[in-house]
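Enquirer: Structure file final_17.cif (mmCIF, C-alpha atoms; chains and numbers go by the auth columns) right here:
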data_work
#
loop_
_atom_site.group_PDB
_atom_site.id
_atom_site.type_symbol
_atom_site.label_atom_id
_atom_site.label_comp_id
_atom_site.label_asym_id
_atom_site.label_seq_id
_atom_site.Cartn_x
_atom_site.Cartn_y
_atom_site.Cartn_z
_atom_site.B_iso_or_equiv
_atom_site.auth_seq_id
_atom_site.auth_asym_id
ATOM 1 C CA ALA A 1 -14.888 39.874 8.066 0.00 1 A
ATOM 2 C CA ALA A 2 -16.442 36.483 8.833 0.00 2 A
ATOM 3 C CA LEU A 3 -14.597 34.835 5.950 0.00 3 A
ATOM 4 C CA PHE A 4 -11.272 36.459 6.786 0.00 4 A
ATOM 5 C CA GLY A 5 -11.690 35.513 10.437 0.00 5 A
ATOM 6 C CA ALA A 6 -12.503 31.915 9.488 0.00 6 A
ATOM 7 C CA LEU A 7 -9.353 31.722 7.356 0.00 7 A
ATOM 8 C CA ILE A 8 -7.209 32.961 10.243 0.00 8 A
ATOM 9 C CA VAL A 9 -8.869 30.627 12.779 0.00 9 A
ATOM 10 C CA GLY A 10 -8.582 27.665 10.388 0.00 10 A
ATOM 11 C CA LEU A 11 -4.918 28.418 9.776 0.00 11 A
ATOM 12 C CA GLY A 12 -4.236 28.652 13.497 0.00 12 A
ATOM 13 C CA LEU A 13 -6.175 25.501 14.397 0.00 13 A
ATOM 14 C CA GLY A 14 -4.511 23.599 11.559 0.00 14 A
ATOM 15 C CA MET A 15 -1.096 24.481 12.966 0.00 15 A
ATOM 16 C CA VAL A 16 -2.232 23.613 16.496 0.00 16 A
ATOM 17 C CA PHE A 17 -3.582 20.199 15.436 0.00 17 A
ATOM 18 C CA ASN A 18 -0.478 19.541 13.305 0.00 18 A
ATOM 19 C CA ASN A 19 1.632 19.939 16.440 0.00 19 A
ATOM 20 C CA ASN A 20 -0.613 17.562 18.400 0.00 20 A
ATOM 21 C CA THR A 21 -1.701 20.256 20.853 0.00 21 A
ATOM 22 C CA THR A 22 -4.845 22.235 21.668 0.00 22 A
ATOM 23 C CA THR A 23 -5.688 25.833 22.467 0.00 23 A
ATOM 24 C CA GLY A 24 -7.532 24.762 25.605 0.00 24 A
ATOM 25 C CA GLY A 25 -10.951 25.540 24.172 0.00 25 A
ATOM 26 C CA MET A 26 -13.501 23.571 22.181 0.00 26 A
ATOM 27 C CA ASP A 27 -10.688 21.972 20.195 0.00 27 A
ATOM 28 C CA ILE A 28 -10.078 19.678 23.188 0.00 28 A
ATOM 29 C CA VAL A 29 -13.489 18.129 22.493 0.00 29 A
ATOM 30 C CA GLN A 30 -12.659 18.024 18.772 0.00 30 A
ATOM 31 C CA LYS A 31 -9.362 16.271 19.495 0.00 31 A
ATOM 32 C CA ILE A 32 -11.166 13.677 21.646 0.00 32 A
ATOM 33 C CA ILE A 33 -13.752 13.110 18.887 0.00 33 A
ATOM 34 C CA ASN A 34 -10.932 12.724 16.355 0.00 34 A
ATOM 35 C CA LYS A 35 -9.046 10.268 18.545 0.00 35 A
ATOM 36 C CA TYR A 36 -11.880 7.996 19.664 0.00 36 A
ATOM 37 C CA LEU A 37 -14.384 8.229 16.807 0.00 37 A
ATOM 38 C CA LYS A 38 -11.640 8.251 14.133 0.00 38 A
ATOM 39 C CA VAL A 39 -13.169 11.150 12.210 0.00 39 A
ATOM 40 C CA PRO A 40 -11.186 13.970 10.571 0.00 40 A
ATOM 41 C CA TYR A 41 -10.756 17.181 12.533 0.00 41 A
ATOM 42 C CA SER A 42 -12.965 18.986 10.019 0.00 42 A
ATOM 43 C CA VAL A 43 -15.889 16.682 10.856 0.00 43 A
ATOM 44 C CA ALA A 44 -15.297 17.185 14.576 0.00 44 A
ATOM 45 C CA ILE A 45 -15.301 20.948 13.981 0.00 45 A
ATOM 46 C CA TYR A 46 -18.525 20.716 11.974 0.00 46 A
ATOM 47 C CA LEU A 47 -20.165 18.727 14.790 0.00 47 A
ATOM 48 C CA THR A 48 -19.109 20.782 17.788 0.00 48 A
ATOM 49 C CA ASP A 49 -18.955 24.302 16.389 0.00 49 A
ATOM 50 C CA GLY A 50 -21.874 23.611 14.057 0.00 50 A
ATOM 51 C CA ILE A 51 -24.146 22.722 16.972 0.00 51 A
ATOM 52 C CA ILE A 52 -23.116 25.870 18.830 0.00 52 A
ATOM 53 C CA VAL A 53 -23.715 28.062 15.770 0.00 53 A
ATOM 54 C CA ILE A 54 -27.126 26.477 15.092 0.00 54 A
ATOM 55 C CA LEU A 55 -28.081 27.086 18.724 0.00 55 A
ATOM 56 C CA GLY A 56 -27.315 30.729 17.966 0.00 56 A
ATOM 57 C CA LEU A 57 -30.717 30.846 16.256 0.00 57 A
ATOM 58 C CA LEU A 58 -32.174 31.160 19.754 0.00 58 A
ATOM 59 C CA ALA A 59 -30.393 34.472 20.301 0.00 59 A
ATOM 60 C CA PHE A 60 -29.490 35.889 16.883 0.00 60 A
ATOM 61 C CA ASN A 61 -31.137 36.469 13.524 0.00 61 A
ATOM 62 C CA VAL A 62 -30.778 34.031 10.627 0.00 62 A
ATOM 63 C CA GLU A 63 -28.250 36.180 8.755 0.00 63 A
ATOM 64 C CA VAL A 64 -25.777 36.109 11.651 0.00 64 A
ATOM 65 C CA VAL A 65 -26.196 32.342 12.028 0.00 65 A
ATOM 66 C CA LEU A 66 -25.621 31.799 8.290 0.00 66 A
ATOM 67 C CA TYR A 67 -22.338 33.713 8.539 0.00 67 A
ATOM 68 C CA GLY A 68 -21.468 31.460 11.458 0.00 68 A
ATOM 69 C CA VAL A 69 -22.289 28.304 9.479 0.00 69 A
ATOM 70 C CA LEU A 70 -20.172 29.555 6.578 0.00 70 A
ATOM 71 C CA SER A 71 -17.316 30.347 8.958 0.00 71 A
ATOM 72 C CA VAL A 72 -17.434 26.888 10.564 0.00 72 A
ATOM 73 C CA PHE A 73 -17.412 25.254 7.137 0.00 73 A
ATOM 74 C CA LEU A 74 -14.451 27.355 5.998 0.00 74 A
ATOM 75 C CA ILE A 75 -12.535 26.687 9.224 0.00 75 A
ATOM 76 C CA GLY A 76 -12.950 22.934 8.667 0.00 76 A
ATOM 77 C CA LEU A 77 -11.735 23.202 5.071 0.00 77 A
ATOM 78 C CA VAL A 78 -8.679 25.234 6.034 0.00 78 A
ATOM 79 C CA VAL A 79 -7.809 22.898 8.927 0.00 79 A
ATOM 80 C CA ASP A 80 -7.912 19.888 6.597 0.00 80 A
ATOM 81 C CA LYS A 81 -5.845 21.743 3.999 0.00 81 A
ATOM 82 C CA ILE A 82 -3.194 22.599 6.598 0.00 82 A
ATOM 83 C CA ILE A 83 -3.110 19.079 8.058 0.00 83 A
ATOM 84 C CA PHE A 84 -2.953 17.273 4.715 0.00 84 A
ATOM 85 C CA ASN A 85 -0.989 19.896 2.760 0.00 85 A
ATOM 86 C CA GLY A 86 1.805 18.253 0.809 0.00 86 A
ATOM 87 C CA ARG A 87 0.635 14.784 1.756 0.00 87 A
ATOM 88 C CA SER A 88 -2.333 14.405 -0.550 0.00 88 A
ATOM 89 C CA GLY A 89 -2.254 13.264 -4.139 0.00 89 A
ATOM 90 C CA PHE A 90 -3.990 11.044 -6.622 0.00 90 A
ATOM 91 C CA THR A 91 -3.885 7.302 -7.199 0.00 91 A
ATOM 92 C CA ALA A 92 -4.208 6.149 -10.783 0.00 92 A
ATOM 93 C CA PHE A 93 -5.496 2.733 -11.797 0.00 93 A
ATOM 94 C CA ILE A 94 -4.516 1.974 -15.381 0.00 94 A
ATOM 95 C CA ILE A 95 -5.793 -1.138 -17.123 0.00 95 A
ATOM 96 C CA THR A 96 -3.671 -1.773 -20.181 0.00 96 A
ATOM 97 C CA SER A 97 -2.927 -4.548 -22.635 0.00 97 A
ATOM 98 C CA PRO A 98 0.177 -6.617 -21.779 0.00 98 A
ATOM 99 C CA ALA A 99 1.562 -5.503 -25.169 0.00 99 A
ATOM 100 C CA TYR A 100 1.687 -1.859 -23.972 0.00 100 A
ATOM 101 C CA GLU A 101 2.448 -2.489 -20.316 0.00 101 A
ATOM 102 C CA GLU A 102 6.198 -1.823 -20.581 0.00 102 A
ATOM 103 C CA LYS A 103 5.748 1.446 -22.490 0.00 103 A
ATOM 104 C CA VAL A 104 3.225 2.758 -19.966 0.00 104 A
ATOM 105 C CA LYS A 105 5.388 1.561 -17.069 0.00 105 A
ATOM 106 C CA ASN A 106 8.529 3.205 -18.458 0.00 106 A
ATOM 107 C CA ALA A 107 6.723 6.506 -19.058 0.00 107 A
ATOM 108 C CA ILE A 108 5.538 6.575 -15.436 0.00 108 A
ATOM 109 C CA ILE A 109 8.921 5.623 -14.003 0.00 109 A
ATOM 110 C CA ASN A 110 11.136 7.716 -16.301 0.00 110 A
ATOM 111 C CA ASP A 111 8.985 10.735 -17.176 0.00 111 A
ATOM 112 C CA LEU A 112 6.991 11.173 -13.963 0.00 112 A
ATOM 113 C CA ASP A 113 9.660 9.740 -11.660 0.00 113 A
ATOM 114 C CA ARG A 114 7.060 7.663 -9.822 0.00 114 A
ATOM 115 C CA GLY A 115 6.989 4.077 -8.689 0.00 115 A
ATOM 116 C CA LEU A 116 4.155 1.731 -9.472 0.00 116 A
ATOM 117 C CA THR A 117 2.659 -1.661 -8.776 0.00 117 A
ATOM 118 C CA LYS A 118 1.659 -4.086 -11.528 0.00 118 A
ATOM 119 C CA VAL A 119 -1.037 -6.712 -11.144 0.00 119 A
ATOM 120 C CA ARG A 120 -2.220 -9.277 -13.687 0.00 120 A
ATOM 121 C CA VAL A 121 -5.996 -9.058 -14.073 0.00 121 A
ATOM 122 C CA THR A 122 -8.680 -10.569 -16.274 0.00 122 A
ATOM 123 C CA GLY A 123 -11.304 -8.402 -17.928 0.00 123 A
ATOM 124 C CA GLY A 124 -14.756 -9.251 -16.612 0.00 124 A
ATOM 125 C CA TYR A 125 -16.460 -8.478 -19.912 0.00 125 A
ATOM 126 C CA THR A 126 -13.801 -9.631 -22.401 0.00 126 A
ATOM 127 C CA ASP A 127 -12.245 -12.386 -20.291 0.00 127 A
ATOM 128 C CA LYS A 128 -8.862 -11.252 -21.668 0.00 128 A
ATOM 129 C CA GLU A 129 -5.679 -10.913 -19.661 0.00 129 A
ATOM 130 C CA ARG A 130 -4.774 -7.321 -18.831 0.00 130 A
ATOM 131 C CA SER A 131 -2.258 -5.479 -16.687 0.00 131 A
ATOM 132 C CA LEU A 132 -3.372 -3.221 -13.867 0.00 132 A
ATOM 133 C CA ILE A 133 -0.839 -0.522 -13.072 0.00 133 A
ATOM 134 C CA ILE A 134 -1.361 1.362 -9.829 0.00 134 A
ATOM 135 C CA CYS A 135 0.616 4.489 -9.042 0.00 135 A
ATOM 136 C CA THR A 136 0.269 7.446 -6.734 0.00 136 A
ATOM 137 C CA ILE A 137 1.117 10.818 -8.202 0.00 137 A
ATOM 138 C CA ALA A 138 1.248 14.431 -7.126 0.00 138 A
ATOM 139 C CA ARG A 139 -1.681 16.677 -7.950 0.00 139 A
ATOM 140 C CA ASN A 140 0.251 18.490 -10.681 0.00 140 A
ATOM 141 C CA GLN A 141 1.127 15.240 -12.497 0.00 141 A
ATOM 142 C CA THR A 142 -2.404 14.092 -13.391 0.00 142 A
ATOM 143 C CA PHE A 143 -2.501 15.744 -16.819 0.00 143 A
ATOM 144 C CA ASP A 144 0.919 14.348 -17.780 0.00 144 A
ATOM 145 C CA LEU A 145 -0.028 10.858 -16.606 0.00 145 A
ATOM 146 C CA LYS A 146 -3.203 10.816 -18.709 0.00 146 A
ATOM 147 C CA ASP A 147 -1.224 12.116 -21.682 0.00 147 A
ATOM 148 C CA TYR A 148 1.500 9.450 -21.344 0.00 148 A
ATOM 149 C CA VAL A 149 -0.994 6.618 -20.946 0.00 149 A
ATOM 150 C CA LEU A 150 -3.066 7.661 -23.969 0.00 150 A
ATOM 151 C CA ARG A 151 0.070 8.191 -26.049 0.00 151 A
ATOM 152 C CA HIS A 152 1.377 4.684 -25.308 0.00 152 A
ATOM 153 C CA ASP A 153 -1.953 2.808 -25.185 0.00 153 A
ATOM 154 C CA PRO A 154 -4.954 4.665 -26.650 0.00 154 A
ATOM 155 C CA LYS A 155 -7.266 1.838 -25.540 0.00 155 A
ATOM 156 C CA ALA A 156 -6.141 1.849 -21.914 0.00 156 A
ATOM 157 C CA PHE A 157 -8.805 2.303 -19.255 0.00 157 A
ATOM 158 C CA THR A 158 -7.673 4.752 -16.589 0.00 158 A
ATOM 159 C CA PHE A 159 -9.372 6.085 -13.517 0.00 159 A
ATOM 160 C CA ILE A 160 -7.830 8.448 -11.029 0.00 160 A
ATOM 161 C CA VAL A 161 -9.030 8.930 -7.470 0.00 161 A
ATOM 162 C CA GLU A 162 -8.091 11.543 -4.923 0.00 162 A
ATOM 163 C CA THR A 163 -5.894 10.133 -2.185 0.00 163 A
ATOM 164 C CA ARG A 164 -6.346 11.880 1.126 0.00 164 A
ATOM 165 C CA GLU A 165 -2.898 11.208 2.549 0.00 165 A
ATOM 166 C CA VAL A 166 0.286 9.833 1.046 0.00 166 A
ATOM 167 C CA VAL A 167 3.306 9.042 3.178 0.00 167 A
ATOM 168 C CA GLY A 168 6.528 7.651 1.815 0.00 168 A
ATOM 169 C CA TYR A 169 9.248 8.107 -0.751 0.00 169 A
ATOM 170 C CA GLY A 170 8.522 10.953 -3.142 0.00 170 A
ATOM 171 C CA PHE A 171 5.978 12.596 -0.861 0.00 171 A
ATOM 172 C CA GLU A 172 6.408 14.725 2.221 0.00 172 A
ATOM 173 C CA ILE A 173 6.926 12.600 5.308 0.00 173 A
ATOM 174 C CA PRO A 174 5.413 14.172 8.434 0.00 174 A
ATOM 175 C CA GLU A 175 7.688 14.642 11.425 0.00 175 A
ATOM 176 C CA GLU A 176 6.631 12.949 14.641 0.00 176 A
#
Would you write out, as structure tokens, the structure that this file holds?

Expert:
Amino acid sequence: AALFGALIVGLGLGMVFNNNTTTGGMDIVQKIINKYLKVPYSVAIYLTDGIIVILGLLAFNVEVVLYGVLSVFLIGLVVDKIIFNGRSGFTAFIITSPAYEEKVKNAIINDLDRGLTKVRVTGGYTDKERSLIICTIARNQTFDLKDYVLRHDPKAFTFIVETREVVGYGFEIPEE
């Protein structure tokens, strides 16, 4: 029941925060924390609701408080998922030899239908000129990207990081 309730509350709060409103409760404090301290809503939820739940130790047994802590954590996760849904992705940094740069670039543009940025770099260890290709991709494109890069340049160095929010062409643009 605690988990199901947390999912419902998180879903509701996510929709409320997405519409730049509040329910008139503790989320007013969370909205103020988000605005002035520049922290995600989930962190504001963890701070405010977490303190209240921990104070519950004064009146309730540990088991009840642990369910409360779990609920607060789940609410924060769901709120973040609702707020950033469709706007998160991954950013890939691909270091490739100039000889393979065009093949890797064309695979990203033509096969993944993504844009990219190219930067000339010098290897710190080898002191050789390399190309750094930076592109942001959807979550479901990471496997294909790695496959294309390895197919076109087996010696390429690639690292992919989670990108919290992506706004622009090819990704959902939030309405104001």

Enquirer: As a check of understanding, name the residues that the PyMOL selection byres ((chain A and resi 83) around 8) selects in the supplied structure, as a list in words.

Expert: Gly14, Met15, Phe17, Asn18, Val79, Asp80, Lys81, Ile82, Phe84 and Asn85 of chain A

Enquirer: Give me, please, the distance in Å between CA of Ala2 (chain A) and CA of Ser71 (chain A), quoted to one decimal.

Expert: 6.2 Å

Enquirer: Of the candidates A:Ala156, A:Val166, A:Ala6, A:Val121, which shows the shortest atom-to-atom distance to Val69 (chain A), using only C-alpha atoms?

Expert: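 Nearest to Val69 (chain A): A:Ala6.
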
Enquirer: For a quick check of your reading of the model, name the residues lying within 12 Å of the coordinate (-13.1, 32.3, 13.3), counting only C-alpha atoms, and write them as JSON, numbers by chain.

Expert: {"A": [1, 2, 3, 4, 5, 6, 7, 8, 9, 10, 11, 12, 13, 45, 49, 53, 67, 68, 69, 70, 71, 72, 73, 74, 75, 76, 78, 79]}

Enquirer: Store the residues of this selection in a file with C-alpha atoms, as a tab-separated table (two decimals), in the frame of the given file.

Expert:
chain	number	residue	atom	x	y	z
A	1	ALA	CA	-14.89	39.87	8.07
A	2	ALA	CA	-16.44	36.48	8.83
A	3	LEU	CA	-14.60	34.84	5.95
A	4	PHE	CA	-11.27	36.46	6.79
A	5	GLY	CA	-11.69	35.51	10.44
A	6	ALA	CA	-12.50	31.92	9.49
A	7	LEU	CA	-9.35	31.72	7.36
A	8	ILE	CA	-7.21	32.96	10.24
A	9	VAL	CA	-8.87	30.63	12.78
A	10	GLY	CA	-8.58	27.66	10.39
A	11	LEU	CA	-4.92	28.42	9.78
A	12	GLY	CA	-4.24	28.65	13.50
A	13	LEU	CA	-6.18	25.50	14.40
A	45	ILE	CA	-15.30	20.95	13.98
A	49	ASP	CA	-18.95	24.30	16.39
A	53	VAL	CA	-23.72	28.06	15.77
A	67	TYR	CA	-22.34	33.71	8.54
A	68	GLY	CA	-21.47	31.46	11.46
A	69	VAL	CA	-22.29	28.30	9.48
A	70	LEU	CA	-20.17	29.56	6.58
A	71	SER	CA	-17.32	30.35	8.96
A	72	VAL	CA	-17.43	26.89	10.56
A	73	PHE	CA	-17.41	25.25	7.14
A	74	LEU	CA	-14.45	27.36	6.00
A	75	ILE	CA	-12.54	26.69	9.22
A	76	GLY	CA	-12.95	22.93	8.67
A	78	VAL	CA	-8.68	25.23	6.03
A	79	VAL	CA	-7.81	22.90	8.93

Enquirer: Go through A:Ile109, A:Gly89, A:Asp153, A:Arg139 and flag the residue nearest Val167 (chain A), using only C-alpha atoms for the distances.

Expert: A:Gly89
